[in-house]
2 protein chains.
Amino acid sequence: MDVTDSSSHSSESGRGRPGARQEYKCPIRDVLDRVGDAWSVLVVSNLAEGPTRFNELKRRVEGISQRMLTVTLRHLERDGLVSRTVLPTTPPQVEYALTELGHSLCGPLDVLSGWATANQPLIRASRERYDGEAGELTGGE
Amino acid sequence: MDVTDSSSHSSESGRGRPGARQEYKCPIRDVLDRVGDAWSVLVVSNLAEGPTRFNELKRRVEGISQRMLTVTLRHLERDGLVSRTVLPTTPPQVEYALTELGHSLCGPLDVLSGWATANQPLIRASRERYDGEAGELTGGE
DNA sequence: TGCTTCCTCGAAAGTGCCTTCTTGCGCCAA
DNA sequence: TTGGCGCAAGAAGGCACTTTCGAGGAAGCA
């Protein structure tokens, strides 16, 4: 893993979350900021199956609101992962699709997803164990 | 990508972030919640090189505070990715190491990191293009 | 006893994400 | 004109992350 994050956090004093730095950001941190939010991988996963119109996408991504879908798509579009095409239909519809870059991201996300699925039980067991020990004030494992 | 997130978001009414759901969570969303924060991948990356004591880790992860390092390590430990060992030294020191599970996560993270590094220029170019177009109110690409 | 090192954590302040609610634009039909 | 569809975005409220600050426990030593 190439992690070179010499300026993830600004030296500006003050409390609170530092704004996402656009320059000199560690690549993987950058990507995680993009796909680490609540909805992006779900949207990307759905689009991986083919171009989809807004409302169809909203139906497929269970639980997402119009607002969050709009915002999420805008963010993905900004990073070049998704393309937006206004269809000359009546009423006008908008179709979203993964770009070539977006499709290339599916590989790594599939790998991570595979790992996550395979190890979810272990992670959960660990949490339960940890929470149980924390309750007993044993301070660590 | 196996994305089955039927209850990422609770049906409890109200504004604000839903708490991370522990049960029935989509595996990859779960993992992204874990490693998607500001510091975790940096810490994991450093620990991948070998067990490290707290203060050494603090020096290596540039910019992290004691507080954030402590919190981050606790979270990683809870998920079973990191183990914590109190050394019988004077003064007492604590050593952190990746568990077997933690080490297994390095593979997928390396893949993602490779992708991120390879595509960072494209992503940035896209952002600049997008921001420029947004300024022109062209509404999409 | 006071001091040092190492590490942990509570409190307060600030930020950005996420949610709900609502409005509004374009287009068309009644 | 009103209403509907499709889509986008502003506003307000809440939450968790992140930061800074400071206190404190454990162990040992002078």
# chains A, B, ... in the order shown; residues from 1 in each chain; ligands from 1
$ interface_residues --of "chain D" --to "chain A" --cutoff "7 Å" --atoms "only C-alpha atoms (C1' of nucleotides)" --output "PyMOL selection string"
chain D and resi 5-6+17-20
$ residues_around --residues "Arg78 in chain A" --least-positions-apart "6" --cutoff "12 Å" --atoms "only C-alpha atoms (C1' of nucleotides)" --output "VMD selection string"
(chain A and resid 34 71 to 72 84 99 102) or (chain B and resid 122 to 134 139 to 141)
$ interface_residues --of "chain A" --to "chain B" --cutoff "6 Å" --atoms "only C-alpha atoms" --output "ChimeraX atom specification"
/A:1,27-28,32,36,78-80,108,110-113,116-117,123,126-127,130
$ interface_residues --of "chain C" --to "chain A" --cutoff "9 Å" --atoms "only C-alpha atoms (C1' of nucleotides)" --output "ChimeraX atom specification"
/C:13-19,26-28
$ write_last_selection --atoms "C-alpha atoms (C1' of nucleotides)" --output "PDB file, in the first residue's frame"
ATOM      1  C1'  DA C  13     -15.941  23.399  19.706  1.00  0.00           C
ATOM      2  C1'  DG C  14     -16.392  22.949  14.793  1.00  0.00           C
ATOM      3  C1'  DT C  15     -17.229  20.578  10.360  1.00  0.00           C
ATOM      4  C1'  DG C  16     -19.410  17.983   6.912  1.00  0.00           C
ATOM      5  C1'  DC C  17     -22.465  14.224   5.965  1.00  0.00           C
ATOM      6  C1'  DC C  18     -27.133  12.742   6.050  1.00  0.00           C
ATOM      7  C1'  DT C  19     -32.006  13.287   6.650  1.00  0.00           C
ATOM      8  C1'  DG C  26     -38.877  22.162 -18.139  1.00  0.00           C
ATOM      9  C1'  DC C  27     -42.265  19.979 -20.768  1.00  0.00           C
ATOM     10  C1'  DC C  28     -46.778  18.391 -21.865  1.00  0.00           C
TER      11       DC C  28
END
$ residues_around --residues "DT22 in chain C" --least-positions-apart "4" --cutoff "12 Å" --atoms "only C-alpha atoms (C1' of nucleotides)" --output "number ranges by chain"
A: 67; D: 9-12
$ write_last_selection --atoms "all heavy atoms" --output "short mmCIF file (atom, residue, chain, number, x, y, z; two decimals), in the first residue's frame"
data_model
loop_
_atom_site.label_atom_id
_atom_site.label_comp_id
_atom_site.auth_asym_id
_atom_site.auth_seq_id
_atom_site.Cartn_x
_atom_site.Cartn_y
_atom_site.Cartn_z
N ARG A 67 -32.91 13.40 -2.93
CA ARG A 67 -31.86 14.33 -2.58
C ARG A 67 -30.50 13.66 -2.54
O ARG A 67 -29.53 14.11 -3.14
CB ARG A 67 -32.18 14.96 -1.21
CG ARG A 67 -31.13 15.91 -0.69
CD ARG A 67 -30.94 17.07 -1.62
NE ARG A 67 -30.04 18.09 -1.09
CZ ARG A 67 -29.34 18.92 -1.82
NH1 ARG A 67 -29.42 18.87 -3.13
NH2 ARG A 67 -28.57 19.83 -1.27
P DA D 9 -28.27 20.41 -9.11
OP1 DA D 9 -27.36 21.28 -9.89
OP2 DA D 9 -27.80 19.12 -8.56
"O5'" DA D 9 -28.90 21.25 -7.93
"C5'" DA D 9 -29.67 22.41 -8.22
"C4'" DA D 9 -30.32 22.93 -6.96
"O4'" DA D 9 -31.42 22.09 -6.57
"C3'" DA D 9 -29.38 22.98 -5.75
"O3'" DA D 9 -29.58 24.21 -5.09
"C2'" DA D 9 -29.87 21.83 -4.87
"C1'" DA D 9 -31.35 21.87 -5.17
N9 DA D 9 -32.07 20.64 -4.84
C8 DA D 9 -31.69 19.35 -5.10
N7 DA D 9 -32.54 18.46 -4.66
C5 DA D 9 -33.56 19.22 -4.08
C6 DA D 9 -34.75 18.86 -3.44
N6 DA D 9 -35.17 17.60 -3.27
N1 DA D 9 -35.54 19.88 -2.97
C2 DA D 9 -35.13 21.13 -3.15
N3 DA D 9 -34.03 21.58 -3.74
C4 DA D 9 -33.27 20.57 -4.18
P DG D 10 -28.39 24.83 -4.24
OP1 DG D 10 -27.64 25.76 -5.11
OP2 DG D 10 -27.70 23.73 -3.54
"O5'" DG D 10 -29.19 25.69 -3.16
"C5'" DG D 10 -30.27 26.50 -3.59
"C4'" DG D 10 -31.24 26.71 -2.45
"O4'" DG D 10 -32.08 25.53 -2.29
"C3'" DG D 10 -30.56 26.93 -1.10
"O3'" DG D 10 -31.25 27.99 -0.42
"C2'" DG D 10 -30.72 25.61 -0.37
"C1'" DG D 10 -32.02 25.07 -0.95
N9 DG D 10 -32.09 23.62 -0.99
C8 DG D 10 -31.23 22.76 -1.63
N7 DG D 10 -31.55 21.49 -1.49
C5 DG D 10 -32.70 21.52 -0.72
C6 DG D 10 -33.52 20.45 -0.25
O6 DG D 10 -33.38 19.24 -0.43
N1 DG D 10 -34.59 20.92 0.50
C2 DG D 10 -34.85 22.25 0.77
N2 DG D 10 -35.93 22.50 1.52
N3 DG D 10 -34.10 23.25 0.33
C4 DG D 10 -33.04 22.82 -0.39
P DA D 11 -30.60 28.59 0.91
OP1 DA D 11 -30.88 30.04 0.93
OP2 DA D 11 -29.20 28.10 1.02
"O5'" DA D 11 -31.46 27.87 2.04
"C5'" DA D 11 -32.87 27.93 1.97
"C4'" DA D 11 -33.46 27.25 3.18
"O4'" DA D 11 -33.55 25.82 2.93
"C3'" DA D 11 -32.64 27.40 4.46
"O3'" DA D 11 -33.54 27.70 5.53
"C2'" DA D 11 -31.97 26.05 4.65
"C1'" DA D 11 -32.98 25.10 4.01
N9 DA D 11 -32.39 23.87 3.47
C8 DA D 11 -31.27 23.76 2.69
N7 DA D 11 -30.99 22.53 2.34
C5 DA D 11 -32.01 21.78 2.92
C6 DA D 11 -32.28 20.40 2.91
N6 DA D 11 -31.54 19.49 2.29
N1 DA D 11 -33.37 19.98 3.59
C2 DA D 11 -34.12 20.89 4.23
N3 DA D 11 -33.96 22.21 4.30
C4 DA D 11 -32.87 22.60 3.62
P DA D 12 -32.93 28.23 6.92
OP1 DA D 12 -33.75 29.38 7.35
OP2 DA D 12 -31.46 28.35 6.78
"O5'" DA D 12 -33.25 27.00 7.88
"C5'" DA D 12 -34.55 26.43 7.86
"C4'" DA D 12 -34.55 25.12 8.61
"O4'" DA D 12 -34.00 24.08 7.77
"C3'" DA D 12 -33.71 25.14 9.89
"O3'" DA D 12 -34.47 24.55 10.93
"C2'" DA D 12 -32.49 24.31 9.54
"C1'" DA D 12 -33.06 23.33 8.53
N9 DA D 12 -32.07 22.78 7.60
C8 DA D 12 -31.07 23.43 6.94
N7 DA D 12 -30.34 22.65 6.17
C5 DA D 12 -30.91 21.40 6.34
C6 DA D 12 -30.61 20.15 5.79
N6 DA D 12 -29.61 19.92 4.93
N1 DA D 12 -31.38 19.09 6.17
C2 DA D 12 -32.38 19.31 7.04
N3 DA D 12 -32.77 20.44 7.61
C4 DA D 12 -31.98 21.46 7.22
#
$ select_by_dssp --residues "range 3-140 of chain B" --states "helix (DSSP H, G or I)" --output "PyMOL selection string"
chain B and resi 27-35+40-47+54-60+66-78+100-135
$ select_by_dssp --residues "chain B" --states "strand (DSSP E)" --output "PyMOL selection string"
chain B and resi 52-53+82-87+93-98
$ atom_distance --atom1 "C1' of DC3 in chain C" --atom2 "C1' of DG22 in chain D"
18.4 Å
$ atom_distance --atom1 "CA of Tyr96 in chain A" --atom2 "CA of Thr52 in chain A"
5.4 Å
$ atom_distance --atom1 "CA of Glu49 in chain B" --atom2 "CA of Leu87 in chain B"
19.1 Å
$ decode --residues "chain D" --atoms "C-alpha atoms (C1' of nucleotides)" --output "mmCIF file, in the first residue's frame"
data_model
loop_
_atom_site.group_PDB
_atom_site.id
_atom_site.type_symbol
_atom_site.label_atom_id
_atom_site.label_comp_id
_atom_site.auth_asym_id
_atom_site.auth_seq_id
_atom_site.Cartn_x
_atom_site.Cartn_y
_atom_site.Cartn_z
ATOM 1 C "C1'" DT D 1 -54.586 27.796 -15.487
ATOM 2 C "C1'" DT D 2 -53.725 23.514 -12.953
ATOM 3 C "C1'" DG D 3 -51.688 19.092 -12.532
ATOM 4 C "C1'" DG D 4 -48.331 15.492 -13.433
ATOM 5 C "C1'" DC D 5 -43.732 13.621 -14.389
ATOM 6 C "C1'" DG D 6 -38.757 13.811 -13.966
ATOM 7 C "C1'" DC D 7 -35.111 15.813 -11.840
ATOM 8 C "C1'" DA D 8 -32.407 19.190 -9.114
ATOM 9 C "C1'" DA D 9 -31.352 21.866 -5.170
ATOM 10 C "C1'" DG D 10 -32.021 25.070 -0.949
ATOM 11 C "C1'" DA D 11 -32.984 25.097 4.012
ATOM 12 C "C1'" DA D 12 -33.064 23.332 8.529
ATOM 13 C "C1'" DG D 13 -31.986 19.975 11.976
ATOM 14 C "C1'" DG D 14 -29.266 16.110 13.857
ATOM 15 C "C1'" DC D 15 -25.299 13.083 14.154
ATOM 16 C "C1'" DA D 16 -20.663 11.387 14.184
ATOM 17 C "C1'" DC D 17 -16.126 12.551 13.077
ATOM 18 C "C1'" DT D 18 -12.245 15.469 14.036
ATOM 19 C "C1'" DT D 19 -9.642 18.780 16.496
ATOM 20 C "C1'" DT D 20 -7.740 20.989 20.606
ATOM 21 C "C1'" DC D 21 -7.198 21.115 25.434
ATOM 22 C "C1'" DG D 22 -6.471 19.216 29.632
ATOM 23 C "C1'" DA D 23 -6.760 15.792 33.244
ATOM 24 C "C1'" DG D 24 -5.339 11.518 35.003
ATOM 25 C "C1'" DG D 25 -3.794 6.542 35.876
ATOM 26 C "C1'" DA D 26 0.127 3.172 35.987
ATOM 27 C "C1'" DA D 27 4.823 2.249 36.917
ATOM 28 C "C1'" DG D 28 9.199 3.481 38.337
ATOM 29 C "C1'" DC D 29 12.852 6.528 40.225
ATOM 30 C "C1'" DA D 30 15.164 10.138 43.084
#
